Each structure stands twice: as structure tokens, then as C-alpha cells.
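K.L.:
Structure in C-alpha cells, see below.
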Amino acid sequence: MTDLVARARDGDESAFGDLYRTHAGRVYALCLRLEADAARAEELTQDVFVRAWERLGSFRGESAFGTWLYRLAVNVVLSDRRAAWRRARRVFTAEDPSVHERARDTAGAGLALDLEQAIAALPPGARAIFVLHDVEGYQHGEIATLMGVAEGTSKTQLFRARRLLRQALER
Amino acid sequence: MNCERARELLDRWPAGLIPAGEAEAFDQHLAGCAACREDRAAATAVAPAVAALPERIEPPRDLWPDVRRRIGRPLRRTPRWRTMGLAAAAAIALVAGSSAVTLHFARGRPGVATAPRIPAIEAGYASATADLLRALDAQRSHLSPATIATLERNLAVIDAAIAESRAALASDPGNRDLEALLLAGYRQKVALLQQATRLAERS
């Protein structure tokens, strides 16, 4: 366990602030891709760090803090999604202007930008499975457990998502 | 080869570069299967864009002030002796409640995965890792000695983390945090091997 994590675990808010600054970009990227809603991604990113603060006492340091945090982020987003399905569906913003800023300076930026927009336009279930499998590297069995769906559904939705993305990229 | 296996291979090799051992059977299957051809076309069209995605996207504004306000003053962590007392109480509650929980999971709900299926998920990662290692071995000569050394060091660290998580899970079965750490280790291993394979293919 790093000194920063140990201090945050002991209640040092400033150390936790440093951890926030190190990991916020990765957590926000995950939330944004899963939810396709910039405002919601901001709320969820905050939720993830608040939850991390509350649960830091259970972090035993067997893995990197980032690994623990990103897994927590997936759980927070998917839990929120399950709750959201019981409420009215939010409108997602496929034309989120921040999408145009985020990949500007990276290699393959145009391709990545097109894909970000295409991912945002996927149906929610297929989008989550695509992001978890192809972007985050989760296997179908794990996705099925996390999302409460059958493994076959995860596989089917992944191929559906890829077909839809291909159509969007070739437009 | 059937569609299920063809899709498994496309899952592991989204760029469509199927390892030599199964490439011929894969191509033969695709020659006669329009659905799998379409799946391959989709996977190969999307894979380069996925590789180009940035890992980080900074939030459009600084969220830390809001996070800081929500977490309030620094937490006073529960003293260790009290944690142990609570853990003991939780253990008693767990034993008392375990029959009901087991019954709940055993009944399940149609179409919904309820119980954690760690062995099955582990098997999936093990199979993916084995495939990737085979493919990497076949192309090992394309990598520089420095790259191979770095790869092996990283693999050793990840394997040690996986072993540690497995040992901890063996002494604390069903611990969700430990399960998550174990699976995260496998995920990192697969990602590292995929990265190395891509490097070897490009060399």
C-alpha cells in the first residue's frame, strides 16, 4: 500500500485529494462511456470517490489502489443503472461537446472520437457490455455476474454492439 | 468449427488475427457462414478504434470541491478493537443468515445470474491466457530481449498478485473484495498479453 493510500485510509483528506487527482480522469472516462451522459458521468465520478472514501477502510492493499477503485466504479455505475431502470430513462447526449475535446491530442484521435460518439449512441445494455468487454477487458462470465444477465446475453449483445458500431463508423 | 467457437476466437482476437493452429478451420467456417463473416467484419472494423481510445478523459470541471464537501471532515476511523468486535458480530449474523441467503441463491431468478461463479469465470480467463501465451510464443522472436524481459517481469508481478488473491480467497471464501481482486489480476494479465501480442504482430 502506498504512503498516500495509507494516509487517506487514516482519514487524511489532503492525501485523498491527491488520489482523486491521479485517478479522476480514468474514473470519469469509465463513467462517461458507460452512461453516455456527461452530467451524469460527473455525478457518478463524485459518487465513486465518496464511496471510495467511505470504503477505504476495507482496502487491504492486495492490489493496486487503481484496480480496486476502477472495480468500485463499475459497481457504482451498474448499481445506479439498475436503480435508474426503475425510474424514468434519462436522455443521453450523443452530441456531448466534451466528446470533441477529449481525444483531440491523442494518436488516432479521429477514429477514437468517432468511436466515442458511436458508443454513446448504442442502446444502454449493449453499450455497457461493449465497454466492459472490449474497452475494459472484462470476460463474459464476469460481465454476466456484474450485470445480472445470462452469459449468452452478454455474448450476443457484444456482437450486436460491434455490428452497430461498424455501421456507425462506416457512415 | 462451429459458430460458438468462431465467436470465442473473435472475442479473444477482435482484430481477426486468429492463431495459426485454428486459423484454417476458422477461415473454412467463415467461408460458409455469413453471420460469422459479418461478426468478423464488425470486430476488425472496431478493434483499431478501441485501441486508439484514450485511457483518461478529464472531467470538464474540477469535481474535487464537490467530493470534498460530500466527504466532510476527515473520517474518524473506527478503532481496531471495535472493528474486531463488529467483525465478530457480523460473523455471527452471517452464520445465522447464511441458510436464508443460500436458499435465496439456490432458488435464483429466471435469466438472472445471482451467485458468484468464480471458478467458471477463472476458467474463462485461464483459457484466454493460454491462447494468448501460445500465440505470443509463436511470435516471441519478433520481440526485442528488453521487451521480453519487461513482459516477463510484469507477468511475474501479476502472477504473484493472482496467487496472493487466490490464497486469501481460500482462507476467506466468498469475500467479494477478494474475488474482485482476483478477477482484476486475470484481467490485467490478459490485457498485458494482448498488448504484447499486438507489439509482436507489428514488429
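Identifiers for the C-alpha cells are assigned positionally: chains receive A, B, ... in sequence, residues are indexed from 1 per chain, and ligands are indexed from 1 in the order shown.
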Just the residues within 12 Å of His142 (chain B), please, counting only C-alpha atoms, with nothing from its chain fewer than 6 positions along; format it as a PyMOL selection string.

P.N.:
chain B and resi 135-136+148+196-203

K.L.:
Write a file of the selected residues as a compact mmCIF listing (two decimals), in the first residue's frame, keeping N, CA and C atoms.

P.N.:
# COMPACT_ATOMS: atom_id res chain seq x y z
N ALA B 135 -0.03 -17.97 -28.71
CA ALA B 135 0.18 -17.07 -29.85
C ALA B 135 1.46 -16.25 -29.66
N LEU B 136 1.68 -15.82 -28.42
CA LEU B 136 2.86 -15.00 -28.15
C LEU B 136 4.14 -15.82 -28.31
N ILE B 148 10.90 -8.52 -24.00
CA ILE B 148 10.57 -9.82 -23.38
C ILE B 148 10.86 -9.79 -21.88
N ALA B 196 1.23 -7.32 -25.66
CA ALA B 196 2.47 -7.91 -26.15
C ALA B 196 2.27 -8.56 -27.51
N THR B 197 1.12 -9.22 -27.68
CA THR B 197 0.85 -9.88 -28.96
C THR B 197 0.72 -8.84 -30.07
N ARG B 198 0.05 -7.72 -29.74
CA ARG B 198 -0.08 -6.65 -30.76
C ARG B 198 1.29 -6.11 -31.13
N LEU B 199 2.16 -5.96 -30.11
CA LEU B 199 3.51 -5.47 -30.38
C LEU B 199 4.26 -6.42 -31.31
N ALA B 200 4.13 -7.72 -31.02
CA ALA B 200 4.83 -8.72 -31.83
C ALA B 200 4.30 -8.73 -33.27
N GLU B 201 2.97 -8.54 -33.40
CA GLU B 201 2.40 -8.54 -34.74
C GLU B 201 2.89 -7.35 -35.57
N ARG B 202 3.09 -6.22 -34.86
CA ARG B 202 3.52 -5.00 -35.58
C ARG B 202 5.00 -5.05 -35.95
N SER B 203 5.79 -5.87 -35.19
CA SER B 203 7.25 -5.87 -35.40
C SER B 203 7.62 -6.61 -36.68

K.L.:
I'd like to know which residues of chain A are helix (DSSP H, G or I) (by DSSP, run on the backbone); could you write them as a PDB file with C-alpha atoms, in the first residue's frame?

P.N.:
ATOM      1  CA  ASP A   3       2.010   6.069   1.648  1.00  0.00           C
ATOM      2  CA  LEU A   4      -0.683   8.205   0.004  1.00  0.00           C
ATOM      3  CA  VAL A   5      -3.283   5.451   0.238  1.00  0.00           C
ATOM      4  CA  ALA A   6      -2.284   4.659   3.829  1.00  0.00           C
ATOM      5  CA  ARG A   7      -2.674   8.316   4.810  1.00  0.00           C
ATOM      6  CA  ALA A   8      -6.049   8.580   3.077  1.00  0.00           C
ATOM      7  CA  ARG A   9      -7.110   5.387   4.819  1.00  0.00           C
ATOM      8  CA  GLU A  13      -8.382  14.354   3.258  1.00  0.00           C
ATOM      9  CA  SER A  14      -5.484  16.016   1.502  1.00  0.00           C
ATOM     10  CA  ALA A  15      -3.945  12.634   0.629  1.00  0.00           C
ATOM     11  CA  PHE A  16      -7.316  11.514  -0.700  1.00  0.00           C
ATOM     12  CA  GLY A  17      -7.389  14.692  -2.816  1.00  0.00           C
ATOM     13  CA  ASP A  18      -4.104  13.641  -4.405  1.00  0.00           C
ATOM     14  CA  LEU A  19      -5.576  10.211  -5.117  1.00  0.00           C
ATOM     15  CA  TYR A  20      -8.590  11.927  -6.665  1.00  0.00           C
ATOM     16  CA  ARG A  21      -6.359  13.962  -8.991  1.00  0.00           C
ATOM     17  CA  THR A  22      -4.404  10.862 -10.031  1.00  0.00           C
ATOM     18  CA  HIS A  23      -7.427   8.735 -10.847  1.00  0.00           C
ATOM     19  CA  ALA A  24     -10.294  11.114 -11.726  1.00  0.00           C
ATOM     20  CA  GLY A  25      -9.618  11.009 -15.475  1.00  0.00           C
ATOM     21  CA  ARG A  26      -9.745   7.233 -15.638  1.00  0.00           C
ATOM     22  CA  VAL A  27     -12.871   7.030 -13.485  1.00  0.00           C
ATOM     23  CA  TYR A  28     -14.638   9.782 -15.434  1.00  0.00           C
ATOM     24  CA  ALA A  29     -13.785   8.068 -18.754  1.00  0.00           C
ATOM     25  CA  LEU A  30     -15.330   4.845 -17.493  1.00  0.00           C
ATOM     26  CA  CYS A  31     -18.479   6.582 -16.207  1.00  0.00           C
ATOM     27  CA  LEU A  32     -18.876   8.623 -19.392  1.00  0.00           C
ATOM     28  CA  ARG A  33     -18.510   5.625 -21.678  1.00  0.00           C
ATOM     29  CA  LEU A  34     -20.917   3.527 -19.648  1.00  0.00           C
ATOM     30  CA  GLU A  35     -23.556   6.249 -19.274  1.00  0.00           C
ATOM     31  CA  ALA A  38     -21.578  13.998 -19.371  1.00  0.00           C
ATOM     32  CA  ALA A  39     -23.592  15.459 -16.479  1.00  0.00           C
ATOM     33  CA  ARG A  40     -24.422  12.010 -15.121  1.00  0.00           C
ATOM     34  CA  ALA A  41     -20.793  10.944 -15.526  1.00  0.00           C
ATOM     35  CA  GLU A  42     -19.762  13.891 -13.332  1.00  0.00           C
ATOM     36  CA  GLU A  43     -22.272  12.874 -10.639  1.00  0.00           C
ATOM     37  CA  LEU A  44     -21.167   9.251 -10.809  1.00  0.00           C
ATOM     38  CA  THR A  45     -17.486  10.181 -10.638  1.00  0.00           C
ATOM     39  CA  GLN A  46     -18.234  12.070  -7.435  1.00  0.00           C
ATOM     40  CA  ASP A  47     -20.237   9.112  -6.118  1.00  0.00           C
ATOM     41  CA  VAL A  48     -17.328   6.765  -6.848  1.00  0.00           C
ATOM     42  CA  PHE A  49     -14.875   8.881  -4.852  1.00  0.00           C
ATOM     43  CA  VAL A  50     -17.302   9.397  -1.982  1.00  0.00           C
ATOM     44  CA  ARG A  51     -17.908   5.634  -1.877  1.00  0.00           C
ATOM     45  CA  ALA A  52     -14.146   5.013  -2.082  1.00  0.00           C
ATOM     46  CA  TRP A  53     -13.610   7.340   0.884  1.00  0.00           C
ATOM     47  CA  GLU A  54     -16.259   5.511   2.884  1.00  0.00           C
ATOM     48  CA  ARG A  55     -14.835   2.095   1.993  1.00  0.00           C
ATOM     49  CA  LEU A  56     -11.126   2.831   2.159  1.00  0.00           C
ATOM     50  CA  GLY A  57     -11.025   1.006   5.472  1.00  0.00           C
ATOM     51  CA  SER A  58     -11.783  -2.242   3.619  1.00  0.00           C
ATOM     52  CA  PHE A  65      -5.396   1.165  -5.419  1.00  0.00           C
ATOM     53  CA  GLY A  66      -6.377   1.964  -9.017  1.00  0.00           C
ATOM     54  CA  THR A  67      -7.513  -1.606  -9.648  1.00  0.00           C
ATOM     55  CA  TRP A  68      -9.686  -1.507  -6.538  1.00  0.00           C
ATOM     56  CA  LEU A  69     -11.072   1.914  -7.423  1.00  0.00           C
ATOM     57  CA  TYR A  70     -11.997   1.079 -11.054  1.00  0.00           C
ATOM     58  CA  ARG A  71     -13.780  -2.053  -9.947  1.00  0.00           C
ATOM     59  CA  LEU A  72     -15.670   0.032  -7.401  1.00  0.00           C
ATOM     60  CA  ALA A  73     -16.533   2.497 -10.191  1.00  0.00           C
ATOM     61  CA  VAL A  74     -18.024  -0.282 -12.339  1.00  0.00           C
ATOM     62  CA  ASN A  75     -20.132  -1.404  -9.375  1.00  0.00           C
ATOM     63  CA  VAL A  76     -21.305   2.137  -8.631  1.00  0.00           C
ATOM     64  CA  VAL A  77     -22.325   2.769 -12.253  1.00  0.00           C
ATOM     65  CA  LEU A  78     -24.074  -0.573 -12.676  1.00  0.00           C
ATOM     66  CA  SER A  79     -25.895  -0.221  -9.327  1.00  0.00           C
ATOM     67  CA  ASP A  80     -27.029   3.237 -10.344  1.00  0.00           C
ATOM     68  CA  ARG A  81     -28.142   1.900 -13.694  1.00  0.00           C
ATOM     69  CA  ARG A  82     -30.256  -0.785 -12.060  1.00  0.00           C
ATOM     70  CA  ALA A  83     -31.889   1.918  -9.944  1.00  0.00           C
ATOM     71  CA  ALA A  84     -32.301   4.171 -12.954  1.00  0.00           C
ATOM     72  CA  TRP A  85     -34.115   1.473 -14.900  1.00  0.00           C
ATOM     73  CA  ARG A  86     -36.725   1.628 -12.204  1.00  0.00           C
ATOM     74  CA  SER A  98     -16.821  17.431 -24.253  1.00  0.00           C
ATOM     75  CA  VAL A  99     -16.538  14.419 -26.557  1.00  0.00           C
ATOM     76  CA  HIS A 100     -14.974  16.732 -29.128  1.00  0.00           C
ATOM     77  CA  GLU A 101     -12.303  17.889 -26.699  1.00  0.00           C
ATOM     78  CA  ARG A 102     -11.265  14.726 -25.003  1.00  0.00           C
ATOM     79  CA  ALA A 109      -7.846  10.865 -32.422  1.00  0.00           C
ATOM     80  CA  GLY A 110     -10.314  10.967 -35.294  1.00  0.00           C
ATOM     81  CA  LEU A 111     -11.014   7.277 -35.129  1.00  0.00           C
ATOM     82  CA  ALA A 112     -11.312   7.371 -31.340  1.00  0.00           C
ATOM     83  CA  LEU A 113     -13.632  10.358 -31.498  1.00  0.00           C
ATOM     84  CA  ASP A 114     -15.905   8.624 -33.997  1.00  0.00           C
ATOM     85  CA  LEU A 115     -15.971   5.567 -31.777  1.00  0.00           C
ATOM     86  CA  GLU A 116     -16.755   7.596 -28.626  1.00  0.00           C
ATOM     87  CA  GLN A 117     -19.772   9.098 -30.358  1.00  0.00           C
ATOM     88  CA  ALA A 118     -20.846   5.736 -31.744  1.00  0.00           C
ATOM     89  CA  ILE A 119     -20.535   4.119 -28.301  1.00  0.00           C
ATOM     90  CA  ALA A 120     -22.669   6.903 -26.825  1.00  0.00           C
ATOM     91  CA  PRO A 124     -27.644   1.106 -22.888  1.00  0.00           C
ATOM     92  CA  GLY A 125     -27.312  -2.659 -22.368  1.00  0.00           C
ATOM     93  CA  ALA A 126     -25.170  -3.249 -25.440  1.00  0.00           C
ATOM     94  CA  ARG A 127     -23.099  -0.176 -24.608  1.00  0.00           C
ATOM     95  CA  ALA A 128     -22.246  -1.376 -21.098  1.00  0.00           C
ATOM     96  CA  ILE A 129     -21.294  -4.829 -22.334  1.00  0.00           C
ATOM     97  CA  PHE A 130     -19.143  -3.438 -25.150  1.00  0.00           C
ATOM     98  CA  VAL A 131     -17.346  -1.008 -22.818  1.00  0.00           C
ATOM     99  CA  LEU A 132     -16.751  -3.645 -20.155  1.00  0.00           C
ATOM    100  CA  HIS A 133     -15.587  -6.319 -22.630  1.00  0.00           C
ATOM    101  CA  ASP A 134     -13.767  -4.572 -25.460  1.00  0.00           C
ATOM    102  CA  VAL A 135     -12.548  -1.436 -23.664  1.00  0.00           C
ATOM    103  CA  HIS A 140     -18.391 -12.549 -20.398  1.00  0.00           C
ATOM    104  CA  GLY A 141     -18.799 -14.605 -17.234  1.00  0.00           C
ATOM    105  CA  GLU A 142     -17.827 -11.662 -15.066  1.00  0.00           C
ATOM    106  CA  ILE A 143     -19.998  -9.219 -17.022  1.00  0.00           C
ATOM    107  CA  ALA A 144     -22.939 -11.578 -16.642  1.00  0.00           C
ATOM    108  CA  THR A 145     -22.481 -11.638 -12.878  1.00  0.00           C
ATOM    109  CA  LEU A 146     -21.996  -7.879 -12.599  1.00  0.00           C
ATOM    110  CA  MET A 147     -24.982  -7.012 -14.761  1.00  0.00           C
ATOM    111  CA  GLU A 151     -23.602 -15.145 -20.167  1.00  0.00           C
ATOM    112  CA  GLY A 152     -25.150 -15.838 -23.566  1.00  0.00           C
ATOM    113  CA  THR A 153     -26.854 -12.448 -23.423  1.00  0.00           C
ATOM    114  CA  SER A 154     -23.511 -10.786 -22.839  1.00  0.00           C
ATOM    115  CA  LYS A 155     -22.029 -12.531 -25.882  1.00  0.00           C
ATOM    116  CA  THR A 156     -24.999 -11.735 -28.109  1.00  0.00           C
ATOM    117  CA  GLN A 157     -25.078  -8.097 -27.043  1.00  0.00           C
ATOM    118  CA  LEU A 158     -21.344  -7.695 -27.647  1.00  0.00           C
ATOM    119  CA  PHE A 159     -21.630  -8.818 -31.259  1.00  0.00           C
ATOM    120  CA  ARG A 160     -24.716  -6.679 -31.699  1.00  0.00           C
ATOM    121  CA  ALA A 161     -22.814  -3.680 -30.354  1.00  0.00           C
ATOM    122  CA  ARG A 162     -19.856  -4.309 -32.653  1.00  0.00           C
ATOM    123  CA  ARG A 163     -22.145  -4.523 -35.697  1.00  0.00           C
ATOM    124  CA  LEU A 164     -23.871  -1.279 -34.759  1.00  0.00           C
ATOM    125  CA  LEU A 165     -20.524   0.428 -34.177  1.00  0.00           C
ATOM    126  CA  ARG A 166     -19.190  -0.752 -37.515  1.00  0.00           C
ATOM    127  CA  GLN A 167     -22.238   0.697 -39.250  1.00  0.00           C
ATOM    128  CA  ALA A 168     -21.743   3.986 -37.407  1.00  0.00           C
ATOM    129  CA  LEU A 169     -18.009   4.153 -38.202  1.00  0.00           C
ATOM    130  CA  GLU A 170     -18.569   3.445 -41.892  1.00  0.00           C
TER     131      GLU A 170
END

K.L.:
I'd like the contact shell of Arg37 (chain B) - 12 Å cut-off, only C-alpha atoms, skipping same-chain residues fewer than 5 positions apart - returned as a PyMOL selection string.

P.N.:
(chain A and resi 159+163) or (chain B and resi 3+6-7+10+16+26-32+42-44)

K.L.:
Quick check, in Å to one decimal: how far apart do CA of Leu151 (chain B) and CA of Leu193 (chain B) lie?

P.N.:
8.3 Å

K.L.:
For chain A, which of B:Leu17, B:Ser165, B:Thr147, B:Glu179 is the closest residue, counting only C-alpha atoms?

P.N.:
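With only C-alpha atoms as the atom set, the closest residue is B:Ser165.
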
K.L.:
By how many Å are CA of Gln194 (chain B) and CA of Leu132 (chain B) apart?

P.N.:
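Spanning CA of Gln194 (chain B) to CA of Leu132 (chain B) is a straight-line distance of 6.9 Å.
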
K.L.:
Quick check, in Å to one decimal: how far apart do CA of Ile162 (chain B) and CA of Tyr186 (chain B) lie?

P.N.:
7.1 Å

K.L.:
Here is a test: counting only C-alpha atoms, which residue of B:Ala52, B:Ala25, B:Ala149, B:Ala126 is nearest to chain A?

P.N.:
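Of B:Ala52, B:Ala25, B:Ala149, B:Ala126, the one nearest chain A, counting only C-alpha atoms, is B:Ala52.
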